[in-house]
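Read through the structure below, which is laid out as structure tokens, and then see the notes.
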Amino acid sequence: MPRLSEVIAELDALWPPDRAEQWDAVGTVCGDPDARVGRVLFAVDPVQEIADEAVSLGADLIVTHHPLYLRGTTTVAAGHFKGRVVHDLIKNDIALHVAHTNADTADPGVSDALAGALDLRVTGPLVPENGLGRICELDRPETLAEFAARAAARLPATAQGIRVAGDPDMPVRRVAVSGGSGDSLFDAVRAAGVDAFLTSDLRHHPVSEATQRTPLGLVDAAHWATEWPWCEQAAAQLDAISDRHGWDLRVHVSKTVTDPWSFHHTSSPGAPN
């Protein structure tokens with residue numbers, strides 16, 4: 001079995017830490033560099049459910065997309081939910097490593113995995129300067145309604161489901177995708193001249209302005225759902241590395257839904273009084 005330091009070196013080669021945004025908190029949160037690693041669990045969120053799953057699995061390392069400590073802290077006391085995660089991991093000899101914005105801009109990265117989940121053909125980055133997002137093509141044109149249905153069928157199920165803005169019958173052939181929050185990318189999306197944009201966390205005012213400016217179809221999925229495909233892609237990458245080195249390493253992907261939204265009600269029909 002490889003040492004943790006050897007596994008982390010390979011992960012850093014896939015997603016170089018220096019490619020992370022300055023505000024981000026990537027890298028190893030806890031773990032002994034000399035400890036042996038036999039099982040690795042990939043997940044989106046470093047929450048208690050994932051820590052519990054890792055303990056049950058007998059994992060030695062968790063790799064998550066989202067950071068545990070994005071902002072500074074003065075304590076890891078177990079009385080706080082983040083501190084409890086750290087305590088449980090350390091007590092069970094489980095390391096935690098984070099690849100966030102450095103995985104967003106990697107090639108392949110988070111948006112490549114999102115495109116792959118929908119069987120989209122990637123033609124290039126959405127933002128060439130930093131490699132964020134992807135421009136893609138469908139094998140054949142679909143309506144916006146059909147494309148939204150494709151997203152709903154291919155992405156993990158969440159309480160939110162898929163929200164759509166635009167004419168359901170508009171033709172879609174070229175699309176932009178960006179895993180995670182994407183409404184800061186509308187300028188790049190317009191410049192790309194795509195028919196639709198698939199992302200998450202779209203807000204009212206940016207969506208209203210975007211649909212008023214151009215006949216752009218917007219497909220808004222849950223944040224967790226757009227980033228979960230990266231876990232499978234990353235696991236496959238580490239599997240290939242393990243095979244190349246001849247490591248005795250087992251790689252797992254958590255299917256625990258850690259999207260924070262638990263349910264929703266469909267609005268009642270009829271116009272407001």
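All residue names refer to the structure tokens as shown: chains lettered A, B, ... in order, residues numbered from 1 in each chain, ligands numbered from 1 in order.
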Distance query A:Arg71 at most 9 Å, only C-alpha atoms, self and fewer than 2 positions along chain excluded, as a PyMOL selection string
chain A and resi 23-25+68-69+73
For stretch 240-249 of chain A, work out the shell of residues within 10 Å, counting only C-alpha atoms and skipping chain neighbours fewer than 6 positions away, then give it as a count of residues only.
11
Write out as a list in words the residues lying within 9 Å of A:Glu227, counting only C-alpha atoms and excluding same-chain residues fewer than 4 positions away.
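Near neighbours after the sequence-gap exclusion: Val44, His65, Val110, Ser111, Ala113, Leu114, Gly179, Gly180, Ala222, His223 and Cys231 of chain A.
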Identify, on the basis of only C-alpha atoms, every residue whose closest approach to A:Leu4 does not exceed 9 Å; exclude the query and any residue fewer than 2 positions from it along the same chain; express the result as an NGL selection string.
:A and (2 or 6-9 or 31-37 or 60-61 or 95)
Exercise: stretch 197-199 of chain A partners within 7 Å, only C-alpha atoms, chain neighbours under 3 positions left out, as a compact mmCIF listing (two decimals) with N, CA and C atoms, in the first residue's frame:
# COMPACT_ATOMS: atom_id res chain seq x y z
N VAL A 175 -23.85 24.08 -26.28
CA VAL A 175 -24.17 24.45 -24.90
C VAL A 175 -22.88 24.75 -24.14
N ALA A 176 -23.01 25.56 -23.12
CA ALA A 176 -21.94 25.77 -22.16
C ALA A 176 -22.32 25.07 -20.86
N VAL A 177 -21.34 24.49 -20.20
CA VAL A 177 -21.59 23.87 -18.90
C VAL A 177 -20.53 24.33 -17.91
N SER A 178 -20.95 24.46 -16.67
CA SER A 178 -20.00 24.78 -15.59
C SER A 178 -20.52 24.16 -14.31
N GLY A 179 -19.75 23.24 -13.74
CA GLY A 179 -20.14 22.64 -12.48
C GLY A 179 -20.07 23.65 -11.36
N GLY A 180 -21.05 23.62 -10.47
CA GLY A 180 -21.09 24.58 -9.37
C GLY A 180 -21.73 25.89 -9.79
N SER A 181 -21.56 26.91 -8.96
CA SER A 181 -22.21 28.21 -9.19
C SER A 181 -21.69 28.85 -10.47
N GLY A 182 -22.62 29.26 -11.35
CA GLY A 182 -22.18 29.72 -12.67
C GLY A 182 -22.71 31.05 -13.14
N GLY A 217 -31.18 29.64 -23.49
CA GLY A 217 -31.81 28.69 -22.59
C GLY A 217 -30.93 28.46 -21.37
N LEU A 218 -31.52 28.50 -20.19
CA LEU A 218 -30.78 28.32 -18.95
C LEU A 218 -31.29 27.09 -18.22
N VAL A 219 -30.39 26.22 -17.85
CA VAL A 219 -30.75 24.98 -17.16
C VAL A 219 -30.00 24.97 -15.82
N ASP A 220 -30.75 25.04 -14.74
CA ASP A 220 -30.20 25.20 -13.40
C ASP A 220 -30.43 23.93 -12.59
N ALA A 221 -29.35 23.21 -12.32
CA ALA A 221 -29.43 21.98 -11.52
C ALA A 221 -28.90 22.27 -10.12
N THR A 226 -24.33 18.88 -9.98
CA THR A 226 -23.44 19.23 -11.09
C THR A 226 -21.98 18.89 -10.79
Write down as a CSV table (one decimal) with N, CA and C atoms, in the first residue's frame the residues of stretch 6-240 of chain A whose backbone DSSP state falls under helix (DSSP H, G or I).
chain,number,residue,atom,x,y,z
A,6,GLU,N,2.6,9.8,-0.9
A,6,GLU,CA,2.7,9.4,-2.3
A,6,GLU,C,1.4,9.6,-3.0
A,7,VAL,N,0.2,9.2,-2.3
A,7,VAL,CA,-1.1,9.4,-3.0
A,7,VAL,C,-1.3,10.9,-3.2
A,8,ILE,N,-1.0,11.8,-2.2
A,8,ILE,CA,-1.3,13.2,-2.2
A,8,ILE,C,-0.4,13.8,-3.4
A,9,ALA,N,0.8,13.3,-3.6
A,9,ALA,CA,1.6,13.8,-4.6
A,9,ALA,C,1.0,13.6,-6.0
A,10,GLU,N,0.4,12.4,-6.2
A,10,GLU,CA,-0.3,12.1,-7.4
A,10,GLU,C,-1.6,13.0,-7.6
A,11,LEU,N,-2.3,13.2,-6.5
A,11,LEU,CA,-3.5,14.1,-6.6
A,11,LEU,C,-3.1,15.5,-6.9
A,12,ASP,N,-2.0,16.0,-6.3
A,12,ASP,CA,-1.6,17.3,-6.6
A,12,ASP,C,-1.1,17.5,-8.0
A,13,ALA,N,-0.7,16.4,-8.6
A,13,ALA,CA,-0.3,16.5,-10.0
A,13,ALA,C,-1.5,16.5,-10.9
A,14,LEU,N,-2.6,15.9,-10.5
A,14,LEU,CA,-3.9,16.0,-11.2
A,14,LEU,C,-4.5,17.4,-11.1
A,17,PRO,N,-2.3,22.5,-6.6
A,17,PRO,CA,-2.8,23.5,-5.6
A,17,PRO,C,-2.6,24.9,-6.0
A,18,ASP,N,-1.6,25.2,-6.8
A,18,ASP,CA,-1.3,26.6,-7.2
A,18,ASP,C,-2.3,27.1,-8.2
A,19,ARG,N,-3.1,26.2,-8.7
A,19,ARG,CA,-4.2,26.7,-9.6
A,19,ARG,C,-5.5,27.0,-8.9
A,48,GLN,N,-20.6,15.3,8.1
A,48,GLN,CA,-20.5,14.1,9.0
A,48,GLN,C,-21.0,12.8,8.4
A,49,GLU,N,-22.0,12.9,7.5
A,49,GLU,CA,-22.4,11.7,6.8
A,49,GLU,C,-21.3,11.0,6.0
A,50,ILE,N,-20.4,11.8,5.4
A,50,ILE,CA,-19.3,11.3,4.7
A,50,ILE,C,-18.3,10.7,5.6
A,51,ALA,N,-18.0,11.4,6.7
A,51,ALA,CA,-17.1,10.9,7.7
A,51,ALA,C,-17.5,9.5,8.2
A,52,ASP,N,-18.8,9.4,8.5
A,52,ASP,CA,-19.4,8.2,9.0
A,52,ASP,C,-19.3,7.1,8.0
A,53,GLU,N,-19.5,7.4,6.7
A,53,GLU,CA,-19.4,6.4,5.7
A,53,GLU,C,-18.0,5.9,5.5
A,54,ALA,N,-17.0,6.9,5.6
A,54,ALA,CA,-15.6,6.5,5.5
A,54,ALA,C,-15.2,5.5,6.7
A,55,VAL,N,-15.7,5.8,7.9
A,55,VAL,CA,-15.4,4.9,9.0
A,55,VAL,C,-16.0,3.5,8.8
A,56,SER,N,-17.2,3.5,8.3
A,56,SER,CA,-17.9,2.2,8.0
A,56,SER,C,-17.1,1.4,6.9
A,57,LEU,N,-16.7,2.2,5.9
A,57,LEU,CA,-16.0,1.6,4.8
A,57,LEU,C,-14.6,1.1,5.2
A,81,PHE,N,-19.7,21.4,14.6
A,81,PHE,CA,-19.9,20.2,13.7
A,81,PHE,C,-18.6,20.0,12.8
A,82,LYS,N,-17.9,21.0,12.4
A,82,LYS,CA,-16.7,20.8,11.6
A,82,LYS,C,-15.6,20.2,12.5
A,83,GLY,N,-15.5,20.6,13.7
A,83,GLY,CA,-14.5,20.0,14.6
A,83,GLY,C,-14.8,18.6,14.9
A,84,ARG,N,-16.1,18.2,15.0
A,84,ARG,CA,-16.5,16.8,15.2
A,84,ARG,C,-16.0,16.0,14.0
A,85,VAL,N,-16.1,16.5,12.8
A,85,VAL,CA,-15.7,15.7,11.6
A,85,VAL,C,-14.2,15.5,11.8
A,86,VAL,N,-13.4,16.5,12.1
A,86,VAL,CA,-12.0,16.4,12.2
A,86,VAL,C,-11.6,15.4,13.3
A,87,HIS,N,-12.3,15.4,14.5
A,87,HIS,CA,-12.0,14.5,15.6
A,87,HIS,C,-12.3,13.1,15.1
A,88,ASP,N,-13.4,12.9,14.5
A,88,ASP,CA,-13.8,11.5,14.0
A,88,ASP,C,-12.8,11.0,13.0
A,89,LEU,N,-12.3,11.8,12.1
A,89,LEU,CA,-11.3,11.4,11.1
A,89,LEU,C,-10.0,11.0,11.8
A,90,ILE,N,-9.5,11.9,12.7
A,90,ILE,CA,-8.3,11.6,13.3
A,90,ILE,C,-8.3,10.4,14.2
A,91,LYS,N,-9.4,10.2,14.9
A,91,LYS,CA,-9.5,9.1,15.8
A,91,LYS,C,-9.5,7.8,15.0
A,101,THR,N,-11.3,24.6,-6.4
A,101,THR,CA,-11.2,25.4,-7.6
A,101,THR,C,-10.0,24.9,-8.5
A,102,ASN,N,-9.0,24.3,-7.9
A,102,ASN,CA,-8.0,23.7,-8.7
A,102,ASN,C,-8.5,22.5,-9.5
A,103,ALA,N,-9.6,21.8,-9.1
A,103,ALA,CA,-10.2,20.8,-9.8
A,103,ALA,C,-11.2,21.4,-10.8
A,104,ASP,N,-11.7,22.6,-10.5
A,104,ASP,CA,-12.7,23.2,-11.5
A,104,ASP,C,-12.0,23.5,-12.8
A,110,VAL,N,-13.9,19.4,-13.3
A,110,VAL,CA,-15.3,19.2,-12.9
A,110,VAL,C,-16.2,19.4,-14.1
A,111,SER,N,-16.0,20.4,-14.9
A,111,SER,CA,-17.0,20.6,-16.0
A,111,SER,C,-16.8,19.5,-17.1
A,112,ASP,N,-15.7,18.9,-17.3
A,112,ASP,CA,-15.5,17.8,-18.2
A,112,ASP,C,-16.4,16.6,-17.7
A,113,ALA,N,-16.3,16.4,-16.4
A,113,ALA,CA,-17.1,15.3,-15.8
A,113,ALA,C,-18.6,15.6,-16.0
A,114,LEU,N,-19.0,16.8,-15.8
A,114,LEU,CA,-20.4,17.2,-16.0
A,114,LEU,C,-20.9,17.0,-17.5
A,115,ALA,N,-20.0,17.4,-18.4
A,115,ALA,CA,-20.3,17.2,-19.8
A,115,ALA,C,-20.4,15.7,-20.1
A,116,GLY,N,-19.5,14.9,-19.5
A,116,GLY,CA,-19.5,13.5,-19.8
A,116,GLY,C,-20.7,12.8,-19.3
A,117,ALA,N,-21.2,13.3,-18.1
A,117,ALA,CA,-22.4,12.7,-17.6
A,117,ALA,C,-23.6,12.9,-18.5
A,144,LEU,N,-35.0,22.7,-26.0
A,144,LEU,CA,-34.5,23.1,-24.7
A,144,LEU,C,-35.2,22.1,-23.7
A,145,ALA,N,-36.5,21.8,-23.9
A,145,ALA,CA,-37.2,20.9,-23.0
A,145,ALA,C,-36.5,19.5,-23.0
A,146,GLU,N,-36.1,19.0,-24.2
A,146,GLU,CA,-35.4,17.7,-24.3
A,146,GLU,C,-34.1,17.8,-23.6
A,147,PHE,N,-33.4,18.9,-23.8
A,147,PHE,CA,-32.0,19.0,-23.1
A,147,PHE,C,-32.2,19.0,-21.6
A,148,ALA,N,-33.2,19.7,-21.1
A,148,ALA,CA,-33.4,19.7,-19.7
A,148,ALA,C,-33.8,18.3,-19.2
A,149,ALA,N,-34.6,17.6,-19.9
A,149,ALA,CA,-34.9,16.2,-19.6
A,149,ALA,C,-33.7,15.3,-19.5
A,150,ARG,N,-32.8,15.6,-20.5
A,150,ARG,CA,-31.5,14.8,-20.5
A,150,ARG,C,-30.7,15.1,-19.2
A,151,ALA,N,-30.7,16.3,-18.8
A,151,ALA,CA,-30.0,16.7,-17.5
A,151,ALA,C,-30.7,16.0,-16.3
A,152,ALA,N,-32.0,16.1,-16.3
A,152,ALA,CA,-32.7,15.5,-15.2
A,152,ALA,C,-32.5,13.9,-15.1
A,153,ALA,N,-32.4,13.3,-16.3
A,153,ALA,CA,-32.2,11.9,-16.3
A,153,ALA,C,-30.8,11.4,-16.0
A,154,ARG,N,-29.8,12.3,-16.4
A,154,ARG,CA,-28.4,11.8,-16.2
A,154,ARG,C,-27.7,12.3,-14.9
A,186,PHE,N,-21.9,34.7,-17.2
A,186,PHE,CA,-22.8,35.0,-18.3
A,186,PHE,C,-22.1,35.8,-19.4
A,187,ASP,N,-21.1,36.6,-19.1
A,187,ASP,CA,-20.4,37.4,-20.2
A,187,ASP,C,-19.7,36.4,-21.1
A,188,ALA,N,-19.0,35.4,-20.5
A,188,ALA,CA,-18.3,34.4,-21.3
A,188,ALA,C,-19.3,33.5,-22.1
A,189,VAL,N,-20.5,33.2,-21.5
A,189,VAL,CA,-21.5,32.4,-22.1
A,189,VAL,C,-22.0,33.2,-23.4
A,190,ARG,N,-22.3,34.5,-23.2
A,190,ARG,CA,-22.8,35.3,-24.3
A,190,ARG,C,-21.7,35.3,-25.4
A,191,ALA,N,-20.5,35.5,-25.0
A,191,ALA,CA,-19.4,35.6,-26.0
A,191,ALA,C,-19.2,34.3,-26.8
A,192,ALA,N,-19.5,33.2,-26.1
A,192,ALA,CA,-19.4,31.9,-26.8
A,192,ALA,C,-20.5,31.6,-27.8
A,204,HIS,N,-32.0,35.3,-9.5
A,204,HIS,CA,-33.1,35.9,-10.2
A,204,HIS,C,-32.6,37.0,-11.1
A,205,HIS,N,-31.9,38.0,-10.6
A,205,HIS,CA,-31.5,39.1,-11.5
A,205,HIS,C,-30.6,38.8,-12.6
A,206,PRO,N,-29.5,38.0,-12.4
A,206,PRO,CA,-28.7,37.6,-13.6
A,206,PRO,C,-29.5,36.8,-14.6
A,207,VAL,N,-30.4,35.9,-14.1
A,207,VAL,CA,-31.2,35.1,-15.1
A,207,VAL,C,-32.1,36.0,-15.9
A,208,SER,N,-32.8,36.9,-15.2
A,208,SER,CA,-33.7,37.9,-15.8
A,208,SER,C,-33.0,38.7,-16.9
A,209,GLU,N,-31.8,39.2,-16.6
A,209,GLU,CA,-31.1,40.0,-17.5
A,209,GLU,C,-30.6,39.2,-18.7
A,210,ALA,N,-30.1,37.9,-18.4
A,210,ALA,CA,-29.6,37.1,-19.5
A,210,ALA,C,-30.7,36.7,-20.5
A,211,THR,N,-31.9,36.4,-20.0
A,211,THR,CA,-32.9,36.0,-20.9
A,211,THR,C,-33.5,37.2,-21.6
A,212,GLN,N,-33.4,38.4,-21.1
A,212,GLN,CA,-33.9,39.6,-21.8
A,212,GLN,C,-32.9,40.0,-22.9
A,213,ARG,N,-31.7,39.7,-22.7
A,213,ARG,CA,-30.7,40.1,-23.7
A,213,ARG,C,-30.7,39.3,-25.0
A,223,HIS,N,-26.4,22.4,-7.1
A,223,HIS,CA,-25.0,22.5,-7.0
A,223,HIS,C,-24.3,21.1,-6.8
A,224,TRP,N,-24.8,20.4,-5.8
A,224,TRP,CA,-24.2,19.1,-5.6
A,224,TRP,C,-24.3,18.2,-6.8
A,225,ALA,N,-25.4,18.2,-7.5
A,225,ALA,CA,-25.6,17.3,-8.6
A,225,ALA,C,-24.7,17.6,-9.8
A,226,THR,N,-24.3,18.9,-10.0
A,226,THR,CA,-23.4,19.2,-11.1
A,226,THR,C,-22.0,18.9,-10.8
A,227,GLU,N,-21.7,18.7,-9.5
A,227,GLU,CA,-20.3,18.4,-9.2
A,227,GLU,C,-20.0,16.9,-8.8
A,228,TRP,N,-21.1,16.2,-8.5
A,228,TRP,CA,-20.9,14.8,-8.2
A,228,TRP,C,-20.2,14.0,-9.3
A,229,PRO,N,-20.5,14.2,-10.6
A,229,PRO,CA,-19.9,13.4,-11.6
A,229,PRO,C,-18.3,13.5,-11.5
A,230,TRP,N,-17.8,14.6,-11.0
A,230,TRP,CA,-16.3,14.7,-10.8
A,230,TRP,C,-15.8,13.6,-9.9
A,231,CYS,N,-16.6,13.2,-8.9
A,231,CYS,CA,-16.1,12.2,-8.0
A,231,CYS,C,-15.8,10.9,-8.8
A,232,GLU,N,-16.7,10.5,-9.7
A,232,GLU,CA,-16.5,9.3,-10.5
A,232,GLU,C,-15.3,9.5,-11.4
A,233,GLN,N,-15.2,10.6,-12.0
A,233,GLN,CA,-14.0,10.9,-12.9
A,233,GLN,C,-12.7,10.9,-12.1
A,234,ALA,N,-12.7,11.5,-11.0
A,234,ALA,CA,-11.5,11.6,-10.1
A,234,ALA,C,-11.1,10.2,-9.6
A,235,ALA,N,-12.1,9.4,-9.3
A,235,ALA,CA,-11.8,8.0,-8.8
A,235,ALA,C,-11.2,7.2,-9.9
A,236,ALA,N,-11.7,7.4,-11.1
A,236,ALA,CA,-11.2,6.6,-12.3
A,236,ALA,C,-9.7,7.0,-12.5
A,237,GLN,N,-9.4,8.3,-12.4
A,237,GLN,CA,-8.1,8.8,-12.5
A,237,GLN,C,-7.1,8.2,-11.5
A,238,LEU,N,-7.6,8.1,-10.2
A,238,LEU,CA,-6.7,7.6,-9.2
A,238,LEU,C,-6.6,6.1,-9.4
A,239,ASP,N,-7.6,5.4,-9.9
A,239,ASP,CA,-7.6,4.0,-10.2
A,239,ASP,C,-6.5,3.7,-11.2
A,240,ALA,N,-6.4,4.5,-12.2
A,240,ALA,CA,-5.4,4.4,-13.3
A,240,ALA,C,-4.0,4.6,-12.8
Which of stretch 127-159 of chain A counts as strand (DSSP E or B) under DSSP, as a ChimeraX atom specification please?
/A:127,132-143
Writing out the chosen residues with all heavy atoms as an mmCIF file, in the first residue's frame:
data_model
loop_
_atom_site.group_PDB
_atom_site.id
_atom_site.type_symbol
_atom_site.label_atom_id
_atom_site.label_comp_id
_atom_site.auth_asym_id
_atom_site.auth_seq_id
_atom_site.Cartn_x
_atom_site.Cartn_y
_atom_site.Cartn_z
ATOM 1 N N VAL A 127 -13.971 29.664 -20.458
ATOM 2 C CA VAL A 127 -13.121 30.813 -20.145
ATOM 3 C C VAL A 127 -11.679 30.397 -20.423
ATOM 4 O O VAL A 127 -11.028 29.784 -19.580
ATOM 5 C CB VAL A 127 -13.279 31.245 -18.671
ATOM 6 C CG1 VAL A 127 -12.487 32.527 -18.402
ATOM 7 C CG2 VAL A 127 -14.747 31.435 -18.316
ATOM 8 N N LEU A 132 -11.955 27.605 -17.007
ATOM 9 C CA LEU A 132 -13.193 27.330 -16.283
ATOM 10 C C LEU A 132 -14.332 27.045 -17.252
ATOM 11 O O LEU A 132 -14.497 27.728 -18.268
ATOM 12 C CB LEU A 132 -13.553 28.530 -15.412
ATOM 13 C CG LEU A 132 -14.640 28.330 -14.354
ATOM 14 C CD1 LEU A 132 -14.193 27.297 -13.330
ATOM 15 C CD2 LEU A 132 -14.941 29.657 -13.651
ATOM 16 N N GLY A 133 -15.152 26.056 -16.931
ATOM 17 C CA GLY A 133 -16.309 25.728 -17.764
ATOM 18 C C GLY A 133 -15.908 25.068 -19.065
ATOM 19 O O GLY A 133 -14.732 25.001 -19.425
ATOM 20 N N ARG A 134 -16.901 24.572 -19.782
ATOM 21 C CA ARG A 134 -16.663 23.927 -21.078
ATOM 22 C C ARG A 134 -17.738 24.329 -22.084
ATOM 23 O O ARG A 134 -18.904 24.512 -21.723
ATOM 24 C CB ARG A 134 -16.653 22.399 -20.932
ATOM 25 C CG ARG A 134 -15.495 21.852 -20.113
ATOM 26 C CD ARG A 134 -14.168 22.046 -20.812
ATOM 27 N NE ARG A 134 -13.051 21.496 -20.049
ATOM 28 C CZ ARG A 134 -12.298 22.197 -19.205
ATOM 29 N NH1 ARG A 134 -12.572 23.488 -19.002
ATOM 30 N NH2 ARG A 134 -11.281 21.621 -18.569
ATOM 31 N N ILE A 135 -17.328 24.450 -23.342
ATOM 32 C CA ILE A 135 -18.257 24.598 -24.457
ATOM 33 C C ILE A 135 -18.416 23.219 -25.087
ATOM 34 O O ILE A 135 -17.423 22.519 -25.315
ATOM 35 C CB ILE A 135 -17.744 25.610 -25.492
ATOM 36 C CG1 ILE A 135 -17.599 26.986 -24.842
ATOM 37 C CG2 ILE A 135 -18.686 25.681 -26.690
ATOM 38 C CD1 ILE A 135 -16.940 28.014 -25.734
ATOM 39 N N CYS A 136 -19.655 22.834 -25.349
ATOM 40 C CA CYS A 136 -19.947 21.469 -25.808
ATOM 41 C C CYS A 136 -20.926 21.487 -26.966
ATOM 42 O O CYS A 136 -21.616 22.480 -27.206
ATOM 43 C CB CYS A 136 -20.547 20.638 -24.674
ATOM 44 S SG CYS A 136 -19.631 20.666 -23.130
ATOM 45 N N GLU A 137 -20.990 20.363 -27.651
ATOM 46 C CA GLU A 137 -21.962 20.168 -28.722
ATOM 47 C C GLU A 137 -22.725 18.875 -28.491
ATOM 48 O O GLU A 137 -22.170 17.901 -27.967
ATOM 49 C CB GLU A 137 -21.275 20.137 -30.083
ATOM 50 C CG GLU A 137 -20.705 21.476 -30.508
ATOM 51 C CD GLU A 137 -20.159 21.437 -31.923
ATOM 52 O OE1 GLU A 137 -20.092 20.321 -32.502
ATOM 53 O OE2 GLU A 137 -19.794 22.503 -32.446
ATOM 54 N N LEU A 138 -23.995 18.887 -28.896
ATOM 55 C CA LEU A 138 -24.803 17.671 -28.894
ATOM 56 C C LEU A 138 -24.613 16.959 -30.224
ATOM 57 O O LEU A 138 -24.324 17.583 -31.247
ATOM 58 C CB LEU A 138 -26.281 18.000 -28.701
ATOM 59 C CG LEU A 138 -26.767 18.327 -27.283
ATOM 60 C CD1 LEU A 138 -26.225 19.672 -26.811
ATOM 61 C CD2 LEU A 138 -28.289 18.333 -27.234
ATOM 62 N N ASP A 139 -24.801 15.653 -30.229
ATOM 63 C CA ASP A 139 -24.680 14.897 -31.471
ATOM 64 C C ASP A 139 -25.758 15.284 -32.468
ATOM 65 O O ASP A 139 -25.549 15.253 -33.684
ATOM 66 C CB ASP A 139 -24.759 13.398 -31.187
ATOM 67 C CG ASP A 139 -23.507 12.893 -30.475
ATOM 68 O OD1 ASP A 139 -22.445 13.529 -30.624
ATOM 69 O OD2 ASP A 139 -23.597 11.872 -29.769
ATOM 70 N N ARG A 140 -26.928 15.658 -31.933
ATOM 71 C CA ARG A 140 -28.018 16.113 -32.791
ATOM 72 C C ARG A 140 -28.789 17.183 -32.033
ATOM 73 O O ARG A 140 -28.825 17.185 -30.794
ATOM 74 C CB ARG A 140 -28.965 14.963 -33.159
ATOM 75 C CG ARG A 140 -29.630 14.315 -31.972
ATOM 76 C CD ARG A 140 -30.686 13.307 -32.382
ATOM 77 N NE ARG A 140 -31.364 12.743 -31.208
ATOM 78 C CZ ARG A 140 -32.359 13.340 -30.570
ATOM 79 N NH1 ARG A 140 -32.793 14.531 -30.997
ATOM 80 N NH2 ARG A 140 -32.929 12.782 -29.525
ATOM 81 N N PRO A 141 -29.419 18.108 -32.749
ATOM 82 C CA PRO A 141 -30.154 19.177 -32.054
ATOM 83 C C PRO A 141 -31.303 18.615 -31.223
ATOM 84 O O PRO A 141 -31.927 17.609 -31.569
ATOM 85 C CB PRO A 141 -30.679 20.047 -33.197
ATOM 86 C CG PRO A 141 -29.804 19.734 -34.359
ATOM 87 C CD PRO A 141 -29.421 18.299 -34.209
ATOM 88 N N GLU A 142 -31.550 19.252 -30.092
ATOM 89 C CA GLU A 142 -32.690 18.933 -29.233
ATOM 90 C C GLU A 142 -33.405 20.230 -28.891
ATOM 91 O O GLU A 142 -32.838 21.318 -29.021
ATOM 92 C CB GLU A 142 -32.222 18.282 -27.919
ATOM 93 C CG GLU A 142 -31.565 16.943 -28.070
ATOM 94 C CD GLU A 142 -31.114 16.361 -26.732
ATOM 95 O OE1 GLU A 142 -31.138 17.100 -25.716
ATOM 96 O OE2 GLU A 142 -30.744 15.185 -26.713
ATOM 97 N N THR A 143 -34.643 20.113 -28.465
ATOM 98 C CA THR A 143 -35.308 21.287 -27.916
ATOM 99 C C THR A 143 -34.746 21.541 -26.517
ATOM 100 O O THR A 143 -34.144 20.654 -25.902
ATOM 101 C CB THR A 143 -36.825 21.091 -27.817
ATOM 102 O OG1 THR A 143 -37.096 20.043 -26.870
ATOM 103 C CG2 THR A 143 -37.427 20.744 -29.174
#
To one decimal in Å, tell me the separation between atom CA of A:Trp15 and atom CA of A:Ala99.
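Spanning atom CA of A:Trp15 to atom CA of A:Ala99 is a straight-line distance of 6.7 Å.
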Residue contacts of A:Asp45 (6 Å, only C-alpha atoms) excluding same-chain residues fewer than 2 positions away, as a PyMOL selection string:
chain A and resi 43+47+64+66
Restricting the output to N, CA and C atoms, write the selected residues as a short mmCIF file (atom, residue, chain, number, x, y, z; two decimals), in the first residue's frame.
data_model
loop_
_atom_site.label_atom_id
_atom_site.label_comp_id
_atom_site.auth_asym_id
_atom_site.auth_seq_id
_atom_site.Cartn_x
_atom_site.Cartn_y
_atom_site.Cartn_z
N ALA A 43 -15.96 12.16 -2.44
CA ALA A 43 -17.27 12.75 -2.16
C ALA A 43 -17.22 14.24 -2.47
N VAL A 47 -18.83 16.40 5.07
CA VAL A 47 -19.81 16.53 6.15
C VAL A 47 -19.81 15.24 6.98
N THR A 64 -12.45 15.18 -1.04
CA THR A 64 -13.69 15.92 -1.33
C THR A 64 -13.42 17.10 -2.24
N HIS A 66 -15.44 20.03 -1.99
CA HIS A 66 -15.63 21.23 -1.17
C HIS A 66 -14.71 21.21 0.05
#
Find the distance between atom CA of A:His97 and atom CA of A:Gly131 and write it in Å to one decimal.
22.3 Å
Interatomic distance, atom CA of A:Leu202 to atom CA of A:Leu185 (Å, one decimal)
10.5 Å
Smallest atom-to-atom distance to A:Leu216: which of A:Val164, A:Leu41, A:Val257, A:Val251, using only C-alpha atoms?
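Nearest to A:Leu216: A:Val164.
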